[in-house]
file start_24.txt (compact mmCIF, N, CA and C atoms)
# COMPACT_ATOMS: atom_id res chain seq x y z
N MET A 215 10.33 63.87 133.34
CA MET A 215 10.12 63.68 134.76
C MET A 215 11.42 63.92 135.51
N ARG A 216 11.36 64.73 136.53
CA ARG A 216 12.52 65.04 137.34
C ARG A 216 12.80 63.86 138.27
N VAL A 217 14.05 63.44 138.32
CA VAL A 217 14.44 62.35 139.20
C VAL A 217 14.78 62.93 140.57
N ARG A 218 14.06 62.47 141.58
CA ARG A 218 14.34 62.87 142.95
C ARG A 218 14.91 61.66 143.67
N GLU A 219 16.01 61.87 144.35
CA GLU A 219 16.69 60.77 145.01
C GLU A 219 16.57 60.89 146.53
N ILE A 220 16.51 59.73 147.17
CA ILE A 220 16.61 59.63 148.62
C ILE A 220 17.96 58.95 148.88
N LYS A 221 18.75 59.53 149.75
CA LYS A 221 20.05 58.93 150.08
C LYS A 221 19.96 58.21 151.41
N ILE A 222 20.48 57.00 151.43
CA ILE A 222 20.58 56.22 152.65
C ILE A 222 22.06 55.92 152.86
N GLU A 223 22.55 56.22 154.06
CA GLU A 223 23.95 55.97 154.37
C GLU A 223 24.07 55.03 155.56
N VAL A 224 25.13 54.26 155.53
CA VAL A 224 25.51 53.46 156.69
C VAL A 224 26.75 54.14 157.25
N LYS A 225 26.62 54.65 158.48
CA LYS A 225 27.71 55.41 159.07
C LYS A 225 27.66 55.23 160.58
N PRO A 226 28.78 54.88 161.20
CA PRO A 226 28.80 54.76 162.66
C PRO A 226 28.38 56.08 163.32
N LEU A 227 27.76 55.97 164.47
CA LEU A 227 27.23 57.14 165.18
C LEU A 227 28.31 58.17 165.46
N ASP A 228 29.50 57.72 165.86
CA ASP A 228 30.56 58.69 166.17
C ASP A 228 30.97 59.51 164.95
N GLU A 229 30.96 58.89 163.75
CA GLU A 229 31.27 59.64 162.53
C GLU A 229 30.18 60.65 162.22
N GLU A 230 28.94 60.28 162.41
CA GLU A 230 27.82 61.20 162.15
C GLU A 230 27.87 62.38 163.11
N ILE A 231 28.24 62.13 164.36
CA ILE A 231 28.36 63.21 165.34
C ILE A 231 29.48 64.18 164.93
N LYS A 232 30.61 63.64 164.44
CA LYS A 232 31.71 64.50 163.97
C LYS A 232 31.26 65.35 162.79
N ASP A 233 30.53 64.75 161.83
CA ASP A 233 30.04 65.49 160.67
C ASP A 233 29.08 66.60 161.10
N LEU A 234 28.21 66.29 162.04
CA LEU A 234 27.26 67.28 162.54
C LEU A 234 27.98 68.42 163.24
N ALA A 235 28.98 68.10 164.05
CA ALA A 235 29.76 69.13 164.75
C ALA A 235 30.47 70.04 163.74
N SER A 236 30.99 69.45 162.68
CA SER A 236 31.66 70.22 161.63
C SER A 236 30.68 71.18 160.94
N LYS A 237 29.47 70.70 160.66
CA LYS A 237 28.46 71.56 160.04
C LYS A 237 28.05 72.70 160.97
N ILE A 238 27.89 72.39 162.25
CA ILE A 238 27.52 73.43 163.22
C ILE A 238 28.62 74.49 163.29
N GLU A 239 29.86 74.07 163.26
CA GLU A 239 30.98 75.00 163.30
C GLU A 239 30.97 75.91 162.06
N LYS A 240 30.73 75.34 160.89
CA LYS A 240 30.67 76.13 159.66
C LYS A 240 29.53 77.14 159.72
N ILE A 241 28.38 76.72 160.21
CA ILE A 241 27.23 77.62 160.32
C ILE A 241 27.54 78.76 161.27
N SER A 242 28.18 78.44 162.40
CA SER A 242 28.50 79.48 163.38
C SER A 242 29.50 80.50 162.83
N LYS A 243 30.29 80.10 161.83
CA LYS A 243 31.25 81.02 161.19
C LYS A 243 30.63 81.73 159.99
N GLY A 244 29.34 81.46 159.76
CA GLY A 244 28.65 82.13 158.66
C GLY A 244 28.84 81.49 157.30
N LYS A 245 29.41 80.30 157.28
CA LYS A 245 29.62 79.61 156.01
C LYS A 245 28.35 78.85 155.61
N LYS A 246 28.20 78.66 154.32
CA LYS A 246 27.04 77.91 153.83
C LYS A 246 27.30 76.41 153.97
N VAL A 247 26.24 75.71 154.29
CA VAL A 247 26.29 74.25 154.43
C VAL A 247 25.23 73.68 153.51
N SER A 248 25.61 72.69 152.71
CA SER A 248 24.64 72.10 151.79
C SER A 248 23.60 71.30 152.57
N LYS A 249 22.36 71.43 152.12
CA LYS A 249 21.27 70.70 152.74
C LYS A 249 21.10 69.39 151.99
N GLU A 250 21.14 68.31 152.72
CA GLU A 250 20.98 66.99 152.12
C GLU A 250 19.80 66.27 152.75
N GLU A 251 19.07 65.57 151.91
CA GLU A 251 17.98 64.74 152.41
C GLU A 251 18.53 63.31 152.44
N LYS A 252 18.75 62.82 153.66
CA LYS A 252 19.30 61.47 153.77
C LYS A 252 18.85 60.81 155.06
N ILE A 253 18.93 59.50 155.03
CA ILE A 253 18.59 58.67 156.18
C ILE A 253 19.86 57.92 156.54
N ILE A 254 20.21 57.91 157.81
CA ILE A 254 21.46 57.28 158.23
C ILE A 254 21.18 56.10 159.16
N PHE A 255 21.82 54.98 158.86
CA PHE A 255 21.79 53.81 159.72
C PHE A 255 23.19 53.62 160.28
N ASN A 256 23.27 53.14 161.52
CA ASN A 256 24.57 52.98 162.16
C ASN A 256 25.30 51.70 161.78
N SER A 257 24.60 50.76 161.15
CA SER A 257 25.26 49.53 160.72
C SER A 257 24.49 48.92 159.55
N ILE A 258 25.17 48.06 158.84
CA ILE A 258 24.52 47.36 157.73
C ILE A 258 23.40 46.47 158.26
N GLU A 259 23.60 45.90 159.44
CA GLU A 259 22.56 45.06 160.04
C GLU A 259 21.28 45.86 160.29
N ASP A 260 21.44 47.09 160.79
CA ASP A 260 20.28 47.95 161.02
C ASP A 260 19.56 48.26 159.70
N LEU A 261 20.34 48.54 158.67
CA LEU A 261 19.76 48.79 157.35
C LEU A 261 18.99 47.58 156.84
N ARG A 262 19.59 46.40 156.97
CA ARG A 262 18.92 45.16 156.51
C ARG A 262 17.63 44.89 157.28
N LYS A 263 17.62 45.14 158.58
CA LYS A 263 16.42 44.93 159.39
C LYS A 263 15.31 45.89 158.95
N PHE A 264 15.70 47.08 158.58
CA PHE A 264 14.71 48.09 158.23
C PHE A 264 14.23 47.95 156.78
N LEU A 265 15.14 47.89 155.85
CA LEU A 265 14.80 47.88 154.43
C LEU A 265 14.76 46.44 153.92
N THR A 266 13.73 45.73 154.34
CA THR A 266 13.56 44.32 153.98
C THR A 266 13.11 44.20 152.52
N PRO A 267 13.29 43.03 151.91
CA PRO A 267 12.80 42.84 150.54
C PRO A 267 11.30 43.14 150.40
N GLU A 268 10.53 42.81 151.42
CA GLU A 268 9.08 43.05 151.36
C GLU A 268 8.78 44.55 151.38
N ARG A 269 9.53 45.33 152.14
CA ARG A 269 9.32 46.78 152.18
C ARG A 269 9.79 47.43 150.87
N ILE A 270 10.87 46.93 150.30
CA ILE A 270 11.31 47.44 149.00
C ILE A 270 10.25 47.15 147.94
N ARG A 271 9.69 45.95 147.98
CA ARG A 271 8.61 45.58 147.06
C ARG A 271 7.39 46.49 147.25
N LEU A 272 7.06 46.77 148.50
CA LEU A 272 5.95 47.65 148.81
C LEU A 272 6.17 49.04 148.19
N ILE A 273 7.35 49.60 148.36
CA ILE A 273 7.68 50.90 147.78
C ILE A 273 7.54 50.85 146.25
N HIS A 274 8.06 49.79 145.65
CA HIS A 274 8.00 49.63 144.19
C HIS A 274 6.55 49.56 143.70
N ILE A 275 5.72 48.80 144.38
CA ILE A 275 4.31 48.67 143.98
C ILE A 275 3.59 50.02 144.11
N ILE A 276 3.86 50.76 145.17
CA ILE A 276 3.24 52.08 145.32
C ILE A 276 3.65 52.98 144.16
N LYS A 277 4.93 52.97 143.82
CA LYS A 277 5.46 53.85 142.76
C LYS A 277 4.90 53.46 141.39
N THR A 278 4.85 52.16 141.10
CA THR A 278 4.47 51.73 139.76
C THR A 278 2.97 51.54 139.55
N LYS A 279 2.27 51.04 140.56
CA LYS A 279 0.84 50.73 140.41
C LYS A 279 -0.07 51.84 140.92
N LYS A 280 0.46 52.73 141.76
CA LYS A 280 -0.29 53.86 142.32
C LYS A 280 -1.65 53.45 142.90
N PRO A 281 -1.65 52.56 143.89
CA PRO A 281 -2.93 52.13 144.49
C PRO A 281 -3.64 53.29 145.18
N HIS A 282 -4.97 53.27 145.16
CA HIS A 282 -5.76 54.36 145.72
C HIS A 282 -6.21 54.12 147.15
N SER A 283 -5.67 53.08 147.78
CA SER A 283 -5.98 52.82 149.19
C SER A 283 -5.00 51.78 149.73
N ILE A 284 -4.95 51.69 151.04
CA ILE A 284 -4.12 50.67 151.68
C ILE A 284 -4.69 49.29 151.38
N TYR A 285 -5.99 49.18 151.35
CA TYR A 285 -6.65 47.91 151.02
C TYR A 285 -6.22 47.43 149.63
N LYS A 286 -6.25 48.33 148.65
CA LYS A 286 -5.84 47.98 147.28
C LYS A 286 -4.36 47.59 147.24
N LEU A 287 -3.53 48.32 147.98
CA LEU A 287 -2.11 48.00 148.05
C LEU A 287 -1.90 46.61 148.62
N ALA A 288 -2.60 46.28 149.69
CA ALA A 288 -2.49 44.95 150.31
C ALA A 288 -2.87 43.87 149.31
N LYS A 289 -3.94 44.11 148.53
CA LYS A 289 -4.36 43.13 147.51
C LYS A 289 -3.30 42.96 146.43
N LEU A 290 -2.70 44.07 146.00
CA LEU A 290 -1.63 43.99 144.98
C LEU A 290 -0.42 43.22 145.50
N LEU A 291 -0.14 43.36 146.79
CA LEU A 291 1.01 42.68 147.40
C LEU A 291 0.70 41.24 147.79
N GLY A 292 -0.60 40.90 147.88
CA GLY A 292 -0.97 39.57 148.36
C GLY A 292 -0.69 39.41 149.84
N ARG A 293 -0.83 40.50 150.61
CA ARG A 293 -0.56 40.50 152.05
C ARG A 293 -1.80 40.99 152.78
N ASP A 294 -1.86 40.72 154.09
CA ASP A 294 -3.00 41.22 154.86
C ASP A 294 -2.81 42.72 155.14
N ARG A 295 -3.94 43.41 155.25
CA ARG A 295 -3.94 44.86 155.39
C ARG A 295 -3.20 45.31 156.66
N LYS A 296 -3.33 44.57 157.73
CA LYS A 296 -2.69 44.96 159.00
C LYS A 296 -1.16 45.00 158.86
N SER A 297 -0.55 43.98 158.27
CA SER A 297 0.91 43.98 158.12
C SER A 297 1.37 45.06 157.15
N VAL A 298 0.58 45.31 156.13
CA VAL A 298 0.91 46.39 155.19
C VAL A 298 0.84 47.74 155.90
N THR A 299 -0.18 47.92 156.73
CA THR A 299 -0.34 49.17 157.49
C THR A 299 0.85 49.39 158.42
N ILE A 300 1.32 48.34 159.06
CA ILE A 300 2.50 48.44 159.94
C ILE A 300 3.72 48.87 159.14
N ASP A 301 3.97 48.22 158.01
CA ASP A 301 5.11 48.59 157.16
C ASP A 301 4.99 50.02 156.66
N LEU A 302 3.79 50.44 156.28
CA LEU A 302 3.58 51.82 155.83
C LEU A 302 3.91 52.82 156.94
N GLY A 303 3.51 52.51 158.16
CA GLY A 303 3.80 53.39 159.29
C GLY A 303 5.29 53.54 159.53
N ILE A 304 6.01 52.43 159.41
CA ILE A 304 7.47 52.46 159.59
C ILE A 304 8.13 53.28 158.48
N LEU A 305 7.73 53.04 157.24
CA LEU A 305 8.31 53.76 156.10
C LEU A 305 7.94 55.25 156.13
N LYS A 306 6.74 55.56 156.56
CA LYS A 306 6.31 56.95 156.68
C LYS A 306 7.10 57.66 157.78
N GLY A 307 7.39 56.92 158.85
CA GLY A 307 8.11 57.49 159.98
C GLY A 307 9.46 58.06 159.64
N ILE A 308 10.12 57.51 158.63
CA ILE A 308 11.42 58.06 158.25
C ILE A 308 11.37 58.79 156.90
N GLY A 309 10.17 58.95 156.37
CA GLY A 309 10.02 59.78 155.18
C GLY A 309 10.14 59.08 153.84
N LEU A 310 10.09 57.75 153.82
CA LEU A 310 10.19 57.06 152.52
C LEU A 310 8.86 56.99 151.78
N ILE A 311 7.75 57.20 152.48
CA ILE A 311 6.45 57.27 151.81
C ILE A 311 5.61 58.36 152.48
N ASP A 312 4.58 58.79 151.77
CA ASP A 312 3.59 59.71 152.31
C ASP A 312 2.24 59.02 152.28
N LEU A 313 1.38 59.39 153.20
CA LEU A 313 0.00 58.91 153.20
C LEU A 313 -0.91 60.13 153.10
N LYS A 314 -1.68 60.20 152.04
CA LYS A 314 -2.59 61.33 151.82
C LYS A 314 -4.02 60.90 152.14
N LYS A 315 -4.71 61.72 152.94
CA LYS A 315 -6.11 61.44 153.26
C LYS A 315 -6.99 61.91 152.12
N LYS A 316 -7.99 61.09 151.80
CA LYS A 316 -8.96 61.48 150.79
C LYS A 316 -10.33 60.97 151.22
N SER A 317 -11.33 61.85 151.16
CA SER A 317 -12.69 61.46 151.51
C SER A 317 -13.43 61.00 150.26
N ILE A 318 -13.95 59.79 150.33
CA ILE A 318 -14.72 59.21 149.24
C ILE A 318 -16.03 58.70 149.83
N GLU A 319 -17.14 59.32 149.44
CA GLU A 319 -18.46 58.90 149.90
C GLU A 319 -18.51 58.69 151.42
N LYS A 320 -18.24 59.71 152.16
CA LYS A 320 -18.29 59.71 153.62
C LYS A 320 -17.24 58.81 154.28
N ARG A 321 -16.34 58.26 153.52
CA ARG A 321 -15.25 57.44 154.07
C ARG A 321 -13.94 58.14 153.83
N VAL A 322 -13.08 58.06 154.81
CA VAL A 322 -11.73 58.61 154.65
C VAL A 322 -10.81 57.46 154.31
N THR A 323 -10.11 57.60 153.22
CA THR A 323 -9.15 56.56 152.83
C THR A 323 -7.76 57.17 152.79
N MET A 324 -6.76 56.35 153.02
CA MET A 324 -5.37 56.79 152.98
C MET A 324 -4.74 56.30 151.69
N ILE A 325 -4.18 57.22 150.93
CA ILE A 325 -3.55 56.88 149.66
C ILE A 325 -2.04 56.94 149.83
N PRO A 326 -1.35 55.81 149.65
CA PRO A 326 0.12 55.82 149.79
C PRO A 326 0.77 56.46 148.56
N LYS A 327 1.81 57.25 148.80
CA LYS A 327 2.52 57.95 147.73
C LYS A 327 4.02 57.80 147.92
N VAL A 328 4.72 57.65 146.81
CA VAL A 328 6.18 57.67 146.78
C VAL A 328 6.55 58.81 145.84
N ASN A 329 7.24 59.82 146.36
CA ASN A 329 7.52 60.99 145.54
C ASN A 329 9.01 61.15 145.21
N TYR A 330 9.66 60.05 144.95
CA TYR A 330 11.04 60.05 144.49
C TYR A 330 11.19 58.91 143.48
N SER A 331 12.27 58.95 142.73
CA SER A 331 12.47 57.97 141.67
C SER A 331 13.57 56.97 141.96
N ARG A 332 14.41 57.29 142.94
CA ARG A 332 15.57 56.44 143.17
C ARG A 332 15.99 56.51 144.62
N ILE A 333 16.47 55.38 145.15
CA ILE A 333 17.09 55.34 146.47
C ILE A 333 18.56 55.01 146.24
N ASN A 334 19.45 55.87 146.72
CA ASN A 334 20.88 55.61 146.65
C ASN A 334 21.36 55.21 148.04
N ILE A 335 22.05 54.10 148.10
CA ILE A 335 22.57 53.60 149.39
C ILE A 335 24.10 53.67 149.35
N ALA A 336 24.66 54.35 150.34
CA ALA A 336 26.11 54.49 150.43
C ALA A 336 26.60 53.67 151.63
N ILE A 337 27.48 52.73 151.35
CA ILE A 337 28.06 51.89 152.40
C ILE A 337 29.57 52.06 152.37
N PRO A 338 30.15 52.50 153.49
CA PRO A 338 31.60 52.69 153.51
C PRO A 338 32.33 51.34 153.43
N VAL A 339 33.45 51.34 152.76
CA VAL A 339 34.24 50.10 152.66
C VAL A 339 35.58 50.29 153.34
call {"tool": "encode", "arguments": {"input": "start_24.txt", "output": "structure tokens"}}
result
Amino acid sequence: MRVREIKIEVKPLDEEIKDLASKIEKISKGKKVSKEEKIIFNSIEDLRKFLTPERIRLIHIIKTKKPHSIYKLAKLLGRDRKSVTIDLGILKGIGLIDLKKKSIEKRVTMIPKVNYSRINIAIPV
């Protein structure tokens, strides 16, 4: 199995703007720029608010148990479907999970998917 990683960084906005300006300059000069898949938070507090223990648990359950619906996921987590749906929407919004539609007996169900094996978090010291 190929390991796919998601990178999460904590970086002040001004540093991210400098990095982006540097990449734009390299591109304008015809130089190659490496493509990275990463999510950036401006502070550790922002990261903590977003990546809560419950959301990490949700990602883990999706990856390991592979539930076939949001209802099944909520049951595995012991949480109500509405709060799980909210967390799924937030995680989907930044690309940490996918939701695939599947029709089963005239019903459309959403199947949560995690298509990476590891999250790497980089925090500057």
call {"tool": "select_by_dssp", "arguments": {"input": "start_24.txt", "residues": "chain A", "states": "strand (DSSP E or B)", "output": "list in words"}}
result
Glu219, Ile220, Lys221, Ile222, Glu223, Val224, Lys252, Ile253, Ile254, Phe255, Asp312, Leu313, Lys314, Lys315, Lys316, Ser317, Ile318, Arg321, Val322, Thr323, Met324, Ile325, Pro326, Lys327, Arg332, Ile333, Asn334, Ile335 and Ala336 of chain A
call {"tool": "closest_atom_pairs", "arguments": {"input": "start_24.txt", "of": "stretch 236-292 of chain A", "to": "stretch 318-327 of chain A", "cutoff": "7 Å", "atoms": "only C-alpha atoms", "output": "tab-separated table"}}
result
residue	atom	partner	partner_atom	distance
A:Ile276	CA	A:Lys327	CA	6.4
A:His282	CA	A:Ile325	CA	5.2
A:Ser283	CA	A:Ile325	CA	4.8
A:Ile284	CA	A:Met324	CA	6.4
call {"tool": "atom_distance", "arguments": {"input": "start_24.txt", "atom1": "atom CA of A:Arg262", "atom2": "atom C of A:Lys279"}}
result
25.5 Å
call {"tool": "closest_residue", "arguments": {"input": "start_24.txt", "among": "A:Val328, A:Gly309, A:Leu234, A:Arg295", "to": "A:Thr278", "atoms": "only N, CA and C atoms"}}
result
A:Val328
call {"tool": "atom_distance", "arguments": {"input": "start_24.txt", "atom1": "atom N of A:Ile220", "atom2": "atom CA of A:Ile253"}}
result
9.3 Å
call {"tool": "closest_residue", "arguments": {"input": "start_24.txt", "among": "A:Lys315, A:Asp301, A:Ile231, A:Leu272", "to": "A:Leu287", "atoms": "all atoms listed in the file"}}
result
A:Leu272
call {"tool": "atom_distance", "arguments": {"input": "start_24.txt", "atom1": "atom C of A:Tyr285", "atom2": "atom N of A:Ile222"}}
result
28.4 Å
call {"tool": "closest_residue", "arguments": {"input": "start_24.txt", "among": "A:Lys263, A:Arg269, A:Ile254, A:Glu239", "to": "A:Leu302", "atoms": "all atoms listed in the file"}}
result
A:Arg269
call {"tool": "residues_around", "arguments": {"input": "start_24.txt", "residues": "A:Glu219", "least_positions_apart": "3", "cutoff": "8 Å", "atoms": "all atoms listed in the file", "output": "PyMOL selection string"}}
result
chain A and resi 216+222+251-252+329-334
call {"tool": "closest_residue", "arguments": {"input": "start_24.txt", "among": "A:Leu291, A:Ile241, A:Asn256, A:Lys249", "to": "A:Pro226", "atoms": "all atoms listed in the file"}}
result
A:Asn256
call {"tool": "select_by_dssp", "arguments": {"input": "start_24.txt", "residues": "chain A", "states": "helix (DSSP H, G or I)", "output": "compact mmCIF listing (two decimals) with N, CA and C atoms, in the frame of the given file"}}
result
# COMPACT_ATOMS: atom_id res chain seq x y z
N LEU A 227 27.76 55.97 164.47
CA LEU A 227 27.23 57.14 165.18
C LEU A 227 28.31 58.17 165.46
N ASP A 228 29.50 57.72 165.86
CA ASP A 228 30.56 58.69 166.17
C ASP A 228 30.97 59.51 164.95
N GLU A 229 30.96 58.89 163.75
CA GLU A 229 31.27 59.64 162.53
C GLU A 229 30.18 60.65 162.22
N GLU A 230 28.94 60.28 162.41
CA GLU A 230 27.82 61.20 162.15
C GLU A 230 27.87 62.38 163.11
N ILE A 231 28.24 62.13 164.36
CA ILE A 231 28.36 63.21 165.34
C ILE A 231 29.48 64.18 164.93
N LYS A 232 30.61 63.64 164.44
CA LYS A 232 31.71 64.50 163.97
C LYS A 232 31.26 65.35 162.79
N ASP A 233 30.53 64.75 161.83
CA ASP A 233 30.04 65.49 160.67
C ASP A 233 29.08 66.60 161.10
N LEU A 234 28.21 66.29 162.04
CA LEU A 234 27.26 67.28 162.54
C LEU A 234 27.98 68.42 163.24
N ALA A 235 28.98 68.10 164.05
CA ALA A 235 29.76 69.13 164.75
C ALA A 235 30.47 70.04 163.74
N SER A 236 30.99 69.45 162.68
CA SER A 236 31.66 70.22 161.63
C SER A 236 30.68 71.18 160.94
N LYS A 237 29.47 70.70 160.66
CA LYS A 237 28.46 71.56 160.04
C LYS A 237 28.05 72.70 160.97
N ILE A 238 27.89 72.39 162.25
CA ILE A 238 27.52 73.43 163.22
C ILE A 238 28.62 74.49 163.29
N GLU A 239 29.86 74.07 163.26
CA GLU A 239 30.98 75.00 163.30
C GLU A 239 30.97 75.91 162.06
N LYS A 240 30.73 75.34 160.89
CA LYS A 240 30.67 76.13 159.66
C LYS A 240 29.53 77.14 159.72
N ILE A 241 28.38 76.72 160.21
CA ILE A 241 27.23 77.62 160.32
C ILE A 241 27.54 78.76 161.27
N SER A 242 28.18 78.44 162.40
CA SER A 242 28.50 79.48 163.38
C SER A 242 29.50 80.50 162.83
N ILE A 258 25.17 48.06 158.84
CA ILE A 258 24.52 47.36 157.73
C ILE A 258 23.40 46.47 158.26
N GLU A 259 23.60 45.90 159.44
CA GLU A 259 22.56 45.06 160.04
C GLU A 259 21.28 45.86 160.29
N ASP A 260 21.44 47.09 160.79
CA ASP A 260 20.28 47.95 161.02
C ASP A 260 19.56 48.26 159.70
N LEU A 261 20.34 48.54 158.67
CA LEU A 261 19.76 48.79 157.35
C LEU A 261 18.99 47.58 156.84
N ARG A 262 19.59 46.40 156.97
CA ARG A 262 18.92 45.16 156.51
C ARG A 262 17.63 44.89 157.28
N LYS A 263 17.62 45.14 158.58
CA LYS A 263 16.42 44.93 159.39
C LYS A 263 15.31 45.89 158.95
N PHE A 264 15.70 47.08 158.58
CA PHE A 264 14.71 48.09 158.23
C PHE A 264 14.23 47.95 156.78
N PRO A 267 13.29 43.03 151.91
CA PRO A 267 12.80 42.84 150.54
C PRO A 267 11.30 43.14 150.40
N GLU A 268 10.53 42.81 151.42
CA GLU A 268 9.08 43.05 151.36
C GLU A 268 8.78 44.55 151.38
N ARG A 269 9.53 45.33 152.14
CA ARG A 269 9.32 46.78 152.18
C ARG A 269 9.79 47.43 150.87
N ILE A 270 10.87 46.93 150.30
CA ILE A 270 11.31 47.44 149.00
C ILE A 270 10.25 47.15 147.94
N ARG A 271 9.69 45.95 147.98
CA ARG A 271 8.61 45.58 147.06
C ARG A 271 7.39 46.49 147.25
N LEU A 272 7.06 46.77 148.50
CA LEU A 272 5.95 47.65 148.81
C LEU A 272 6.17 49.04 148.19
N ILE A 273 7.35 49.60 148.36
CA ILE A 273 7.68 50.90 147.78
C ILE A 273 7.54 50.85 146.25
N HIS A 274 8.06 49.79 145.65
CA HIS A 274 8.00 49.63 144.19
C HIS A 274 6.55 49.56 143.70
N ILE A 275 5.72 48.80 144.38
CA ILE A 275 4.31 48.67 143.98
C ILE A 275 3.59 50.02 144.11
N ILE A 276 3.86 50.76 145.17
CA ILE A 276 3.24 52.08 145.32
C ILE A 276 3.65 52.98 144.16
N LYS A 277 4.93 52.97 143.82
CA LYS A 277 5.46 53.85 142.76
C LYS A 277 4.90 53.46 141.39
N THR A 278 4.85 52.16 141.10
CA THR A 278 4.47 51.73 139.76
C THR A 278 2.97 51.54 139.55
N LYS A 279 2.27 51.04 140.56
CA LYS A 279 0.84 50.73 140.41
C LYS A 279 -0.07 51.84 140.92
N ILE A 284 -4.95 51.69 151.04
CA ILE A 284 -4.12 50.67 151.68
C ILE A 284 -4.69 49.29 151.38
N TYR A 285 -5.99 49.18 151.35
CA TYR A 285 -6.65 47.91 151.02
C TYR A 285 -6.22 47.43 149.63
N LYS A 286 -6.25 48.33 148.65
CA LYS A 286 -5.84 47.98 147.28
C LYS A 286 -4.36 47.59 147.24
N LEU A 287 -3.53 48.32 147.98
CA LEU A 287 -2.11 48.00 148.05
C LEU A 287 -1.90 46.61 148.62
N ALA A 288 -2.60 46.28 149.69
CA ALA A 288 -2.49 44.95 150.31
C ALA A 288 -2.87 43.87 149.31
N LYS A 289 -3.94 44.11 148.53
CA LYS A 289 -4.36 43.13 147.51
C LYS A 289 -3.30 42.96 146.43
N LEU A 290 -2.70 44.07 146.00
CA LEU A 290 -1.63 43.99 144.98
C LEU A 290 -0.42 43.22 145.50
N LEU A 291 -0.14 43.36 146.79
CA LEU A 291 1.01 42.68 147.40
C LEU A 291 0.70 41.24 147.79
N ARG A 295 -3.94 43.41 155.25
CA ARG A 295 -3.94 44.86 155.39
C ARG A 295 -3.20 45.31 156.66
N LYS A 296 -3.33 44.57 157.73
CA LYS A 296 -2.69 44.96 159.00
C LYS A 296 -1.16 45.00 158.86
N SER A 297 -0.55 43.98 158.27
CA SER A 297 0.91 43.98 158.12
C SER A 297 1.37 45.06 157.15
N VAL A 298 0.58 45.31 156.13
CA VAL A 298 0.91 46.39 155.19
C VAL A 298 0.84 47.74 155.90
N THR A 299 -0.18 47.92 156.73
CA THR A 299 -0.34 49.17 157.49
C THR A 299 0.85 49.39 158.42
N ILE A 300 1.32 48.34 159.06
CA ILE A 300 2.50 48.44 159.94
C ILE A 300 3.72 48.87 159.14
N ASP A 301 3.97 48.22 158.01
CA ASP A 301 5.11 48.59 157.16
C ASP A 301 4.99 50.02 156.66
N LEU A 302 3.79 50.44 156.28
CA LEU A 302 3.58 51.82 155.83
C LEU A 302 3.91 52.82 156.94
N GLY A 303 3.51 52.51 158.16
CA GLY A 303 3.80 53.39 159.29
C GLY A 303 5.29 53.54 159.53
N ILE A 304 6.01 52.43 159.41
CA ILE A 304 7.47 52.46 159.59
C ILE A 304 8.13 53.28 158.48
N LEU A 305 7.73 53.04 157.24
CA LEU A 305 8.31 53.76 156.10
C LEU A 305 7.94 55.25 156.13
N LYS A 306 6.74 55.56 156.56
CA LYS A 306 6.31 56.95 156.68
C LYS A 306 7.10 57.66 157.78
N GLY A 307 7.39 56.92 158.85
CA GLY A 307 8.11 57.49 159.98
C GLY A 307 9.46 58.06 159.64
call {"tool": "residues_near_point", "arguments": {"input": "start_24.txt", "point": "(26.2, 50.2, 163.2)", "cutoff": "8 Å", "atoms": "all atoms listed in the file", "output": "PDB file with N, CA and C atoms, in the frame of the given file"}}
result
ATOM      1  N   VAL A 224      25.130  54.260 155.530  1.00  0.00           N
ATOM      2  CA  VAL A 224      25.510  53.460 156.690  1.00  0.00           C
ATOM      3  C   VAL A 224      26.750  54.140 157.250  1.00  0.00           C
ATOM      4  N   LYS A 225      26.620  54.650 158.480  1.00  0.00           N
ATOM      5  CA  LYS A 225      27.710  55.410 159.070  1.00  0.00           C
ATOM      6  C   LYS A 225      27.660  55.230 160.580  1.00  0.00           C
ATOM      7  N   PRO A 226      28.780  54.880 161.200  1.00  0.00           N
ATOM      8  CA  PRO A 226      28.800  54.760 162.660  1.00  0.00           C
ATOM      9  C   PRO A 226      28.380  56.080 163.320  1.00  0.00           C
ATOM     10  N   LEU A 227      27.760  55.970 164.470  1.00  0.00           N
ATOM     11  CA  LEU A 227      27.230  57.140 165.180  1.00  0.00           C
ATOM     12  C   LEU A 227      28.310  58.170 165.460  1.00  0.00           C
ATOM     13  N   PHE A 255      21.820  54.980 158.860  1.00  0.00           N
ATOM     14  CA  PHE A 255      21.790  53.810 159.720  1.00  0.00           C
ATOM     15  C   PHE A 255      23.190  53.620 160.280  1.00  0.00           C
ATOM     16  N   ASN A 256      23.270  53.140 161.520  1.00  0.00           N
ATOM     17  CA  ASN A 256      24.570  52.980 162.160  1.00  0.00           C
ATOM     18  C   ASN A 256      25.300  51.700 161.780  1.00  0.00           C
ATOM     19  N   SER A 257      24.600  50.760 161.150  1.00  0.00           N
ATOM     20  CA  SER A 257      25.260  49.530 160.720  1.00  0.00           C
ATOM     21  C   SER A 257      24.490  48.920 159.550  1.00  0.00           C
ATOM     22  N   ILE A 258      25.170  48.060 158.840  1.00  0.00           N
ATOM     23  CA  ILE A 258      24.520  47.360 157.730  1.00  0.00           C
ATOM     24  C   ILE A 258      23.400  46.470 158.260  1.00  0.00           C
ATOM     25  N   GLU A 259      23.600  45.900 159.440  1.00  0.00           N
ATOM     26  CA  GLU A 259      22.560  45.060 160.040  1.00  0.00           C
ATOM     27  C   GLU A 259      21.280  45.860 160.290  1.00  0.00           C
ATOM     28  N   ASP A 260      21.440  47.090 160.790  1.00  0.00           N
ATOM     29  CA  ASP A 260      20.280  47.950 161.020  1.00  0.00           C
ATOM     30  C   ASP A 260      19.560  48.260 159.700  1.00  0.00           C
ATOM     31  N   LEU A 261      20.340  48.540 158.670  1.00  0.00           N
ATOM     32  CA  LEU A 261      19.760  48.790 157.350  1.00  0.00           C
ATOM     33  C   LEU A 261      18.990  47.580 156.840  1.00  0.00           C
TER      34      LEU A 261
END
call {"tool": "closest_residue", "arguments": {"input": "start_24.txt", "among": "A:Val339, A:Leu313, A:Ile308, A:Ala288", "to": "A:Leu265", "atoms": "only C-alpha atoms"}}
result
A:Ile308
call {"tool": "closest_residue", "arguments": {"input": "start_24.txt", "among": "A:Glu250, A:Lys277, A:Ile238, A:Gly244", "to": "A:Leu310", "atoms": "only C-alpha atoms"}}
result
A:Lys277
